[in-house]
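*Asks:* Below is a structure I'd like to ask you about.
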Amino acid sequence: MNILKTVGFISLASLASLEQSFAAINFWGGNVQSNVAGTANTADTAIQNLIGNAMMFLGILAVCYGLYGGFLIMTAAGEDDKVKKGKTILIQVAIGLVVIFLANSIVQWVLGKILI
């Protein structure tokens, strides 16, 4: 009997949620809303925005990695291996940030030359 009650309540709850879902859908309205519009950006602007966002993400990732390297040095407590690992990470982060900034500059310059 308990199983029957459980199945009955689940069926009732499913039916109620299904009714609410269908009430939210407008089957008879227009296919596209009139206020939906794209942006006025061109392909070159979209590419530059995408590259800029990717470079920002990589910069933030590099800074977080640098913080990890600094944390390793700070918590080394005299262990030479941890200090060496932290210094290696900080050097890698510095090189990575230089590469990120150079790559961004080169890509922006190339896009400027191609798309003008």
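Starting from 1 in every chain, residues are counted up; chains themselves are A, B, ... following the order of the structure tokens, and ligands are numbered from 1 as listed.
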Using only C-alpha atoms, which protein or nucleic acid residues come within 10 Å of Lys87 in chain A? Drop anything in the same chain fewer than 2 positions from it, and give the result as a ChimeraX atom specification.
*Replies:* /A:66,69-70,72-73,81-85,89-93
*Asks:* Taking 3 positions as the minimum chain separation for residues in the same chain, which residues sit within 10 Å of Leu115 in chain A when counting only C-alpha atoms? Answer as a PDB file with N, CA and C atoms, in the first residue's frame.
*Replies:*
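Saved to selection_19.pdb:
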```pdb
ATOM      1  N   ALA A  43      32.897  40.796 -37.685  1.00  0.00           N
ATOM      2  CA  ALA A  43      33.690  39.616 -37.368  1.00  0.00           C
ATOM      3  C   ALA A  43      35.025  39.999 -36.746  1.00  0.00           C
ATOM      4  N   ASP A  44      35.661  41.060 -37.240  1.00  0.00           N
ATOM      5  CA  ASP A  44      36.955  41.437 -36.679  1.00  0.00           C
ATOM      6  C   ASP A  44      36.832  41.907 -35.238  1.00  0.00           C
ATOM      7  N   VAL A 110      48.732  42.121 -36.257  1.00  0.00           N
ATOM      8  CA  VAL A 110      48.399  41.384 -37.492  1.00  0.00           C
ATOM      9  C   VAL A 110      46.953  41.626 -37.891  1.00  0.00           C
ATOM     10  N   LEU A 111      46.030  41.569 -36.939  1.00  0.00           N
ATOM     11  CA  LEU A 111      44.636  41.840 -37.266  1.00  0.00           C
ATOM     12  C   LEU A 111      44.438  43.259 -37.758  1.00  0.00           C
ATOM     13  N   GLY A 112      45.179  44.193 -37.181  1.00  0.00           N
ATOM     14  CA  GLY A 112      45.093  45.576 -37.649  1.00  0.00           C
ATOM     15  C   GLY A 112      45.580  45.727 -39.086  1.00  0.00           C
TER      16      GLY A 112
END
```
*Asks:* For Ile100 in chain A, which residue among A:Lys113, A:Gly86, A:Phe71, A:Leu61 is the nearest when counting only C-alpha atoms?
*Replies:* A:Leu61
*Asks:* Skip range 46-57 of chain A itself and residues of its chain fewer than 3 positions away, then list as a list of chain:residue names all residues within 12 Å of it, counting only C-alpha atoms.
*Replies:*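 Contacts, with the query itself left out: A:Thr39, A:Ala40, A:Asn41, A:Thr42, A:Ala43, A:Ile60, A:Leu61, A:Ala62, A:Val63, A:Cys64, A:Gly96, A:Leu97, A:Val98, A:Val99, A:Ile100, A:Phe101, A:Leu102, A:Ala103, A:Asn104, A:Ser105, A:Ile106, A:Val107, A:Gln108, A:Trp109, A:Val110, A:Leu111, A:Gly112, A:Leu115.
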*Asks:* Go ahead and save the picked residues with C-alpha atoms, as a short mmCIF file (atom, residue, chain, number, x, y, z; two decimals), in the first residue's frame.
*Replies:*
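Output saved as selection.cif:
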```cif
data_model
loop_
_atom_site.label_atom_id
_atom_site.label_comp_id
_atom_site.auth_asym_id
_atom_site.auth_seq_id
_atom_site.Cartn_x
_atom_site.Cartn_y
_atom_site.Cartn_z
CA THR A 39 24.84 43.04 -32.04
CA ALA A 40 26.25 45.45 -34.56
CA ASN A 41 29.76 44.00 -34.12
CA THR A 42 31.59 42.77 -37.17
CA ALA A 43 33.69 39.62 -37.37
CA ILE A 60 44.79 35.79 -14.43
CA LEU A 61 45.84 32.14 -14.56
CA ALA A 62 49.52 33.15 -14.64
CA VAL A 63 49.10 35.46 -11.65
CA CYS A 64 47.39 32.69 -9.68
CA GLY A 96 54.72 33.19 -19.49
CA LEU A 97 53.46 36.72 -18.84
CA VAL A 98 55.98 38.14 -21.31
CA VAL A 99 54.85 35.59 -23.92
CA ILE A 100 51.18 36.39 -23.25
CA PHE A 101 51.68 40.13 -23.66
CA LEU A 102 53.84 39.70 -26.77
CA ALA A 103 51.32 37.28 -28.32
CA ASN A 104 48.50 39.71 -27.65
CA SER A 105 50.43 42.58 -29.20
CA ILE A 106 51.42 40.55 -32.26
CA VAL A 107 47.88 39.29 -32.85
CA GLN A 108 46.42 42.78 -32.51
CA TRP A 109 49.05 44.15 -34.93
CA VAL A 110 48.40 41.38 -37.49
CA LEU A 111 44.64 41.84 -37.27
CA GLY A 112 45.09 45.58 -37.65
CA LEU A 115 41.53 44.08 -41.56
#
```
